[in-house]
Amino acid sequence: MIIVGGGQAGLTAARAALAAGLRPVVLHAGAEPVGSWPDYYDSLTLFSPARYCSLPGMVFDGGEADRYPARDEVVTYLRHYAKSIDADIRTRARVAAVQPRPDGGFLVRTDTGEEVSAAGVVAASGSFGNPYLPPLPGRDGFAGELRHVAHYRRPEPYAGKRVVVVGAGNSAVQVAHEIAPHATVTLATRAPIQFVPQRIRGRDVHHWLRVTGVDRLPRSVLARLVRHAAVLDTGVYRDAIATGLVDRRDMFTALTPDGVIWADGSAEPVDAVILATGYRPDLGYLAPLGALKRGVPRHAAGVSTTHPGLGYLGLEFQRTFSSNTLRGVGRDATHVITALAAQLSGGGWRHRRARDTAHRSDAVRH
Ligand SMILES: Cc1cc2nc3c(=O)[nH]c(=O)nc-3n(C[C@H](O)[C@H](O)[C@H](O)COP(=O)(O)OP(=O)(O)OC[C@H]3O[C@@H](n4cnc5c(N)ncnc54)[C@H](O)[C@@H]3O)c2cc1C
């Protein structure tokens, strides 16, 4: 079985695959199997306390369980986690295309020209590599700095500048708040920001998500409940907006060559616009397979509805509210791998799995 991506999703998939008697090969684009965490902005502190950051089989320790870990703690944790898994993990191996094999199963090609045959594929490549840029009027003519928050690292380069951050989620609010002491910042949103208290009755909100069962609500129920992005807040972000440290305004209507036009029609020069406008699944390598519809995977709870033997992990709301988090991805991995293992061992897939196993030792052809 080939697993595309060596982040928390790919690593938990590999662990679950081993437990199911499969022998996974993880193909990971980066130099180390620690997912996208090293590329997140420098000051990132997790929104989830350490006690809710463990993946199956290894406790996220190293300190107080109620602390909010820093980005680099996750990198260290994933490094240890990868070493603890007895799987073939190949780094600097970016998957360029997955194609159907005429006799069944998949042919996986990397960008260095390697080819790997596999009966099963798990797409666990995250979304950080596919930032969403909304079609803003005037975008192409804007001469200032326009970047997605995926490429934001630290506030110092914005010192003394006029900055607009677009978005109403955690990243938008955190980045606007971080830049505010250095620059004049406006947070531009389509609707007022929805805040969710980080702590309720003395306990972190993740405690309540777990005990109330919200964390495990199925996608169909969630879609009705969660309609807008929400920002976890201890009160610091709400205060920053209330006191004007961070100016919140309705979304601008257009970009001009040197700034923005606000909803009231006024124009203002702006040095930089940071788009915290989300991500889309980074699955272009599945296009040759026909597994996507307008870039979106067709699946039920992570199991492809187009190709037996193909699964997904780490998609937002894949099965539950916690699917794309450290605390939730392990449950999904068990679900998806169990389903794929059944597909591969049942019916017409039995011989493919046997053949895949037989060829495994020389599966990579140069
Ligand atoms: C700013 C931010 C803060 C977050 N904070 C938290 C938090 O506090 N708590 C929490 O639980 N979750 C948090 N998350 C959500 C989630 O846990 C992370 O996004 C996490 O990195 C997702 O893991 P993943 O394995 O699904 O994807 P990734 O971490 O993106 O890993 C996928 C890997 O696949 C590789 N890849 C991509 N394409 C290919 C290819 N074609 N071939 C081979 N390899 C490929 C990529 O290089 C990448 O390293 C946060 C997310 C963001 C963006």
# chains A, B, ... in the order shown; residues from 1 in each chain; ligands from 1

call {"tool": "closest_atom_pairs", "arguments": {"of": "chain A", "to": "ligand 1", "cutoff": "6 Å", "atoms": "only C-alpha atoms and all ligand atoms", "output": "Markdown table"}}
result
| residue | atom | partner | partner_atom_place_in_ligand_line | distance |
| --- | --- | --- | --- | --- |
| A:Val4 | CA | ligand 1 | 43 (C) | 5.0 |
| A:Gly5 | CA | ligand 1 | 34 (O) | 3.3 |
| A:Gly6 | CA | ligand 1 | 33 (C) | 5.0 |
| A:Gly7 | CA | ligand 1 | 25 (O) | 3.5 |
| A:Gln8 | CA | ligand 1 | 25 (O) | 4.0 |
| A:Ala9 | CA | ligand 1 | 25 (O) | 3.8 |
| A:Gly10 | CA | ligand 1 | 25 (O) | 5.8 |
| A:Leu27 | CA | ligand 1 | 43 (C) | 5.2 |
| A:His28 | CA | ligand 1 | 44 (N) | 3.8 |
| A:Ala29 | CA | ligand 1 | 44 (N) | 3.8 |
| A:Gly30 | CA | ligand 1 | 47 (O) | 5.0 |
| A:Gly35 | CA | ligand 1 | 49 (O) | 3.2 |
| A:Ser36 | CA | ligand 1 | 29 (O) | 3.9 |
| A:Trp37 | CA | ligand 1 | 21 (O) | 5.3 |
| A:Tyr40 | CA | ligand 1 | 1 (C) | 5.6 |
| A:Leu46 | CA | ligand 1 | 8 (O) | 3.2 |
| A:Phe47 | CA | ligand 1 | 8 (O) | 3.9 |
| A:Ser48 | CA | ligand 1 | 8 (O) | 4.8 |
| A:Cys53 | CA | ligand 1 | 11 (O) | 6.0 |
| A:Ala93 | CA | ligand 1 | 43 (C) | 5.8 |
| A:Arg94 | CA | ligand 1 | 42 (N) | 3.5 |
| A:Val95 | CA | ligand 1 | 42 (N) | 3.7 |
| A:Ala96 | CA | ligand 1 | 41 (N) | 5.7 |
| A:Ala124 | CA | ligand 1 | 26 (O) | 5.9 |
| A:Ser125 | CA | ligand 1 | 34 (O) | 3.6 |
| A:Gly126 | CA | ligand 1 | 27 (O) | 3.5 |
| A:Ser127 | CA | ligand 1 | 30 (O) | 5.6 |
| A:Phe128 | CA | ligand 1 | 30 (O) | 5.1 |
| A:Ser171 | CA | ligand 1 | 1 (C) | 5.9 |
| A:Gly314 | CA | ligand 1 | 26 (O) | 3.9 |
| A:Asn324 | CA | ligand 1 | 16 (C) | 5.3 |
| A:Thr325 | CA | ligand 1 | 11 (O) | 3.5 |
| A:Leu326 | CA | ligand 1 | 11 (O) | 3.9 |
| A:Arg327 | CA | ligand 1 | 11 (O) | 5.8 |

call {"tool": "select_by_dssp", "arguments": {"residues": "segment 174-298 of chain A", "states": "strand (DSSP E)", "output": "PyMOL selection string"}}
result
chain A and resi 184-189+194-197+199-200+203-204+230-233+247-250+254-256+259-261+267-269+272-275+292-293+296-297

call {"tool": "residues_around", "arguments": {"residues": "Leu315 of chain A", "least_positions_apart": "5", "cutoff": "12 Å", "atoms": "only C-alpha atoms", "output": "NGL selection string"}}
result
:A and (8-10 or 122-128 or 219 or 279-283 or 296-303 or 320-325 or 328-329 or 332-333)

call {"tool": "write_last_selection", "arguments": {"atoms": "C-alpha atoms", "output": "PDB file, in the first residue's frame"}}
result
ATOM      1  CA  GLN A   8       0.386  13.083  10.992  1.00  0.00           C
ATOM      2  CA  ALA A   9      -2.221  11.686   8.560  1.00  0.00           C
ATOM      3  CA  GLY A  10       0.279   9.632   6.557  1.00  0.00           C
ATOM      4  CA  VAL A 122      -3.968   6.488   0.743  1.00  0.00           C
ATOM      5  CA  ALA A 123      -3.853  10.185  -0.144  1.00  0.00           C
ATOM      6  CA  ALA A 124      -2.619  11.927   3.009  1.00  0.00           C
ATOM      7  CA  SER A 125      -0.970  14.953   1.435  1.00  0.00           C
ATOM      8  CA  GLY A 126      -2.778  17.648   3.411  1.00  0.00           C
ATOM      9  CA  SER A 127      -3.889  20.997   2.033  1.00  0.00           C
ATOM     10  CA  PHE A 128      -1.084  23.367   3.017  1.00  0.00           C
ATOM     11  CA  ARG A 219     -20.186  15.058   8.949  1.00  0.00           C
ATOM     12  CA  TYR A 279      -6.845  25.844   1.749  1.00  0.00           C
ATOM     13  CA  ARG A 280      -8.088  23.165  -0.600  1.00  0.00           C
ATOM     14  CA  PRO A 281      -7.014  19.488  -0.639  1.00  0.00           C
ATOM     15  CA  ASP A 282      -3.637  19.143  -2.380  1.00  0.00           C
ATOM     16  CA  LEU A 283      -4.528  16.191  -4.589  1.00  0.00           C
ATOM     17  CA  VAL A 296     -12.476  17.688  -4.772  1.00  0.00           C
ATOM     18  CA  PRO A 297     -12.169  14.007  -3.837  1.00  0.00           C
ATOM     19  CA  ARG A 298     -15.259  11.852  -4.199  1.00  0.00           C
ATOM     20  CA  HIS A 299     -15.413   9.773  -1.047  1.00  0.00           C
ATOM     21  CA  ALA A 300     -17.556   8.513   1.797  1.00  0.00           C
ATOM     22  CA  ALA A 301     -15.873   9.005   5.189  1.00  0.00           C
ATOM     23  CA  GLY A 302     -12.461   8.893   3.512  1.00  0.00           C
ATOM     24  CA  VAL A 303     -13.068   5.842   1.330  1.00  0.00           C
ATOM     25  CA  THR A 320     -15.987  14.358  12.118  1.00  0.00           C
ATOM     26  CA  PHE A 321     -15.146  17.771  13.536  1.00  0.00           C
ATOM     27  CA  SER A 322     -11.730  16.464  14.640  1.00  0.00           C
ATOM     28  CA  SER A 323     -10.737  14.708  11.385  1.00  0.00           C
ATOM     29  CA  ASN A 324      -8.051  17.209  10.437  1.00  0.00           C
ATOM     30  CA  THR A 325      -6.460  17.424  13.900  1.00  0.00           C
ATOM     31  CA  GLY A 328      -8.891  12.985  15.549  1.00  0.00           C
ATOM     32  CA  VAL A 329      -6.834  11.685  12.651  1.00  0.00           C
ATOM     33  CA  ASP A 332     -10.079   8.105  10.847  1.00  0.00           C
ATOM     34  CA  ALA A 333      -6.919   6.158   9.987  1.00  0.00           C
TER      35      ALA A 333
END

call {"tool": "select_by_dssp", "arguments": {"residues": "segment 90-308 of chain A", "states": "alpha helix (DSSP H)", "output": "ChimeraX atom specification"}}
result
/A:170-179,205-212,219-225,236-242

call {"tool": "write_last_selection", "arguments": {"atoms": "N, CA and C atoms", "output": "JSON list (two decimals), in the first residue's frame"}}
result
[["chain", "number", "residue", "atom", "x", "y", "z"],
["A", 170, "ASN", "N", -9.03, 31.38, 12.72],
["A", 170, "ASN", "CA", -7.95, 31.47, 13.71],
["A", 170, "ASN", "C", -6.69, 32.13, 13.14],
["A", 171, "SER", "N", -6.26, 31.68, 11.96],
["A", 171, "SER", "CA", -5.01, 32.21, 11.40],
["A", 171, "SER", "C", -5.12, 33.71, 11.16],
["A", 172, "ALA", "N", -6.24, 34.15, 10.57],
["A", 172, "ALA", "CA", -6.42, 35.58, 10.27],
["A", 172, "ALA", "C", -6.31, 36.41, 11.54],
["A", 173, "VAL", "N", -7.03, 36.00, 12.57],
["A", 173, "VAL", "CA", -7.06, 36.79, 13.80],
["A", 173, "VAL", "C", -5.70, 36.75, 14.50],
["A", 174, "GLN", "N", -5.08, 35.57, 14.55],
["A", 174, "GLN", "CA", -3.77, 35.47, 15.22],
["A", 174, "GLN", "C", -2.72, 36.31, 14.51],
["A", 175, "VAL", "N", -2.70, 36.26, 13.19],
["A", 175, "VAL", "CA", -1.67, 37.01, 12.44],
["A", 175, "VAL", "C", -1.93, 38.51, 12.54],
["A", 176, "ALA", "N", -3.18, 38.94, 12.43],
["A", 176, "ALA", "CA", -3.50, 40.37, 12.57],
["A", 176, "ALA", "C", -3.08, 40.87, 13.96],
["A", 177, "HIS", "N", -3.36, 40.05, 14.97],
["A", 177, "HIS", "CA", -3.01, 40.43, 16.35],
["A", 177, "HIS", "C", -1.49, 40.50, 16.53],
["A", 178, "GLU", "N", -0.79, 39.59, 15.89],
["A", 178, "GLU", "CA", 0.68, 39.55, 16.03],
["A", 178, "GLU", "C", 1.34, 40.74, 15.33],
["A", 179, "ILE", "N", 0.77, 41.15, 14.19],
["A", 179, "ILE", "CA", 1.36, 42.27, 13.43],
["A", 179, "ILE", "C", 1.01, 43.62, 14.07],
["A", 205, "VAL", "N", -11.87, 24.07, 26.02],
["A", 205, "VAL", "CA", -13.03, 23.71, 25.20],
["A", 205, "VAL", "C", -12.91, 22.28, 24.64],
["A", 206, "HIS", "N", -11.65, 21.81, 24.44],
["A", 206, "HIS", "CA", -11.49, 20.45, 23.91],
["A", 206, "HIS", "C", -12.02, 19.40, 24.88],
["A", 207, "HIS", "N", -11.97, 19.69, 26.17],
["A", 207, "HIS", "CA", -12.56, 18.78, 27.15],
["A", 207, "HIS", "C", -14.06, 18.65, 26.87],
["A", 208, "TRP", "N", -14.71, 19.78, 26.63],
["A", 208, "TRP", "CA", -16.17, 19.76, 26.42],
["A", 208, "TRP", "C", -16.53, 19.14, 25.07],
["A", 209, "LEU", "N", -15.67, 19.37, 24.06],
["A", 209, "LEU", "CA", -15.93, 18.74, 22.75],
["A", 209, "LEU", "C", -15.92, 17.23, 22.89],
["A", 210, "ARG", "N", -15.03, 16.75, 23.77],
["A", 210, "ARG", "CA", -14.92, 15.30, 23.96],
["A", 210, "ARG", "C", -16.10, 14.77, 24.78],
["A", 211, "VAL", "N", -16.36, 15.39, 25.93],
["A", 211, "VAL", "CA", -17.38, 14.79, 26.82],
["A", 211, "VAL", "C", -18.79, 14.94, 26.26],
["A", 212, "THR", "N", -19.02, 15.98, 25.45],
["A", 212, "THR", "CA", -20.36, 16.14, 24.87],
["A", 212, "THR", "C", -20.54, 15.31, 23.60],
["A", 219, "ARG", "N", -20.27, 13.94, 9.88],
["A", 219, "ARG", "CA", -20.19, 15.06, 8.95],
["A", 219, "ARG", "C", -21.57, 15.63, 8.59],
["A", 220, "SER", "N", -22.56, 14.76, 8.41],
["A", 220, "SER", "CA", -23.89, 15.21, 7.99],
["A", 220, "SER", "C", -24.52, 16.14, 9.04],
["A", 221, "VAL", "N", -24.32, 15.80, 10.32],
["A", 221, "VAL", "CA", -24.87, 16.64, 11.40],
["A", 221, "VAL", "C", -24.06, 17.92, 11.50],
["A", 222, "LEU", "N", -22.75, 17.77, 11.38],
["A", 222, "LEU", "CA", -21.86, 18.93, 11.49],
["A", 222, "LEU", "C", -22.18, 20.01, 10.47],
["A", 223, "ALA", "N", -22.44, 19.57, 9.24],
["A", 223, "ALA", "CA", -22.68, 20.52, 8.16],
["A", 223, "ALA", "C", -23.83, 21.46, 8.51],
["A", 224, "ARG", "N", -24.78, 20.94, 9.30],
["A", 224, "ARG", "CA", -25.92, 21.79, 9.69],
["A", 224, "ARG", "C", -25.55, 22.72, 10.84],
["A", 225, "LEU", "N", -24.61, 22.28, 11.69],
["A", 225, "LEU", "CA", -24.27, 23.07, 12.89],
["A", 225, "LEU", "C", -23.19, 24.11, 12.63],
["A", 236, "VAL", "N", -8.30, 37.53, 24.58],
["A", 236, "VAL", "CA", -7.28, 38.47, 24.12],
["A", 236, "VAL", "C", -7.62, 39.04, 22.73],
["A", 237, "TYR", "N", -8.16, 38.21, 21.85],
["A", 237, "TYR", "CA", -8.46, 38.70, 20.50],
["A", 237, "TYR", "C", -9.71, 39.58, 20.51],
["A", 238, "ARG", "N", -10.70, 39.18, 21.27],
["A", 238, "ARG", "CA", -11.92, 39.98, 21.38],
["A", 238, "ARG", "C", -11.56, 41.38, 21.92],
["A", 239, "ASP", "N", -10.68, 41.40, 22.94],
["A", 239, "ASP", "CA", -10.26, 42.68, 23.53],
["A", 239, "ASP", "C", -9.49, 43.53, 22.52],
["A", 240, "ALA", "N", -8.63, 42.85, 21.76],
["A", 240, "ALA", "CA", -7.81, 43.60, 20.78],
["A", 240, "ALA", "C", -8.70, 44.31, 19.77],
["A", 241, "ILE", "N", -9.80, 43.66, 19.39],
["A", 241, "ILE", "CA", -10.71, 44.29, 18.44],
["A", 241, "ILE", "C", -11.54, 45.37, 19.14],
["A", 242, "ALA", "N", -11.99, 45.05, 20.36],
["A", 242, "ALA", "CA", -12.82, 46.01, 21.10],
["A", 242, "ALA", "C", -12.05, 47.30, 21.40]]

call {"tool": "atom_distance", "arguments": {"atom1": "atom CA of Ala65 of chain A", "atom2": "atom CA of Tyr52 of chain A"}}
result
8.5 Å

call {"tool": "closest_residue", "arguments": {"among": "A:Pro308, A:Val260, A:Thr243, A:Gln194", "to": "Ala230 of chain A", "atoms": "only C-alpha atoms"}}
result
A:Gln194

call {"tool": "residues_around", "arguments": {"residues": "segment 67-82 of chain A", "least_positions_apart": "2", "cutoff": "6 Å", "atoms": "only C-alpha atoms", "output": "list in words"}}
result
Val34, Leu44, Thr45, Leu46, Pro49, Ala50, Glu64, Ala65, Ser84 and Ile85 of chain A

call {"tool": "decode", "arguments": {"residues": "segment 314-330 of chain A", "atoms": "N, CA and C atoms", "output": "PDB file, in the first residue's frame"}}
result
ATOM      1  N   GLY A 314      -7.013  13.050   6.561  1.00  0.00           N
ATOM      2  CA  GLY A 314      -6.623  14.419   6.883  1.00  0.00           C
ATOM      3  C   GLY A 314      -7.453  15.474   6.184  1.00  0.00           C
ATOM      4  N   LEU A 315      -8.553  15.069   5.520  1.00  0.00           N
ATOM      5  CA  LEU A 315      -9.421  16.076   4.905  1.00  0.00           C
ATOM      6  C   LEU A 315     -10.210  16.781   6.009  1.00  0.00           C
ATOM      7  N   GLU A 316     -10.502  18.057   5.780  1.00  0.00           N
ATOM      8  CA  GLU A 316     -11.302  18.786   6.752  1.00  0.00           C
ATOM      9  C   GLU A 316     -12.712  18.178   6.810  1.00  0.00           C
ATOM     10  N   PHE A 317     -13.187  17.910   8.018  1.00  0.00           N
ATOM     11  CA  PHE A 317     -14.522  17.313   8.222  1.00  0.00           C
ATOM     12  C   PHE A 317     -14.696  15.998   7.462  1.00  0.00           C
ATOM     13  N   GLN A 318     -13.609  15.257   7.300  1.00  0.00           N
ATOM     14  CA  GLN A 318     -13.676  13.993   6.544  1.00  0.00           C
ATOM     15  C   GLN A 318     -14.735  13.059   7.120  1.00  0.00           C
ATOM     16  N   ARG A 319     -14.709  12.890   8.432  1.00  0.00           N
ATOM     17  CA  ARG A 319     -15.743  12.094   9.112  1.00  0.00           C
ATOM     18  C   ARG A 319     -16.367  12.895  10.238  1.00  0.00           C
ATOM     19  N   THR A 320     -15.521  13.653  10.927  1.00  0.00           N
ATOM     20  CA  THR A 320     -15.987  14.358  12.118  1.00  0.00           C
ATOM     21  C   THR A 320     -15.330  15.727  12.203  1.00  0.00           C
ATOM     22  N   PHE A 321     -15.697  16.457  13.252  1.00  0.00           N
ATOM     23  CA  PHE A 321     -15.146  17.771  13.536  1.00  0.00           C
ATOM     24  C   PHE A 321     -13.636  17.701  13.744  1.00  0.00           C
ATOM     25  N   SER A 322     -13.144  16.565  14.277  1.00  0.00           N
ATOM     26  CA  SER A 322     -11.730  16.464  14.640  1.00  0.00           C
ATOM     27  C   SER A 322     -10.890  15.746  13.578  1.00  0.00           C
ATOM     28  N   SER A 323     -11.465  15.491  12.403  1.00  0.00           N
ATOM     29  CA  SER A 323     -10.737  14.708  11.385  1.00  0.00           C
ATOM     30  C   SER A 323      -9.364  15.275  11.054  1.00  0.00           C
ATOM     31  N   ASN A 324      -9.312  16.595  10.860  1.00  0.00           N
ATOM     32  CA  ASN A 324      -8.051  17.209  10.437  1.00  0.00           C
ATOM     33  C   ASN A 324      -7.292  17.771  11.640  1.00  0.00           C
ATOM     34  N   THR A 325      -7.213  16.985  12.722  1.00  0.00           N
ATOM     35  CA  THR A 325      -6.460  17.424  13.900  1.00  0.00           C
ATOM     36  C   THR A 325      -5.636  16.256  14.428  1.00  0.00           C
ATOM     37  N   LEU A 326      -4.677  16.600  15.267  1.00  0.00           N
ATOM     38  CA  LEU A 326      -3.857  15.564  15.894  1.00  0.00           C
ATOM     39  C   LEU A 326      -4.735  14.598  16.685  1.00  0.00           C
ATOM     40  N   ARG A 327      -5.732  15.118  17.378  1.00  0.00           N
ATOM     41  CA  ARG A 327      -6.526  14.251  18.257  1.00  0.00           C
ATOM     42  C   ARG A 327      -7.495  13.349  17.493  1.00  0.00           C
ATOM     43  N   GLY A 328      -7.837  13.724  16.253  1.00  0.00           N
ATOM     44  CA  GLY A 328      -8.891  12.985  15.549  1.00  0.00           C
ATOM     45  C   GLY A 328      -8.426  12.101  14.415  1.00  0.00           C
ATOM     46  N   VAL A 329      -7.221  12.369  13.885  1.00  0.00           N
ATOM     47  CA  VAL A 329      -6.834  11.685  12.651  1.00  0.00           C
ATOM     48  C   VAL A 329      -6.615  10.185  12.864  1.00  0.00           C
ATOM     49  N   GLY A 330      -6.220   9.793  14.071  1.00  0.00           N
ATOM     50  CA  GLY A 330      -5.980   8.372  14.344  1.00  0.00           C
ATOM     51  C   GLY A 330      -7.241   7.530  14.200  1.00  0.00           C
TER      52      GLY A 330
END
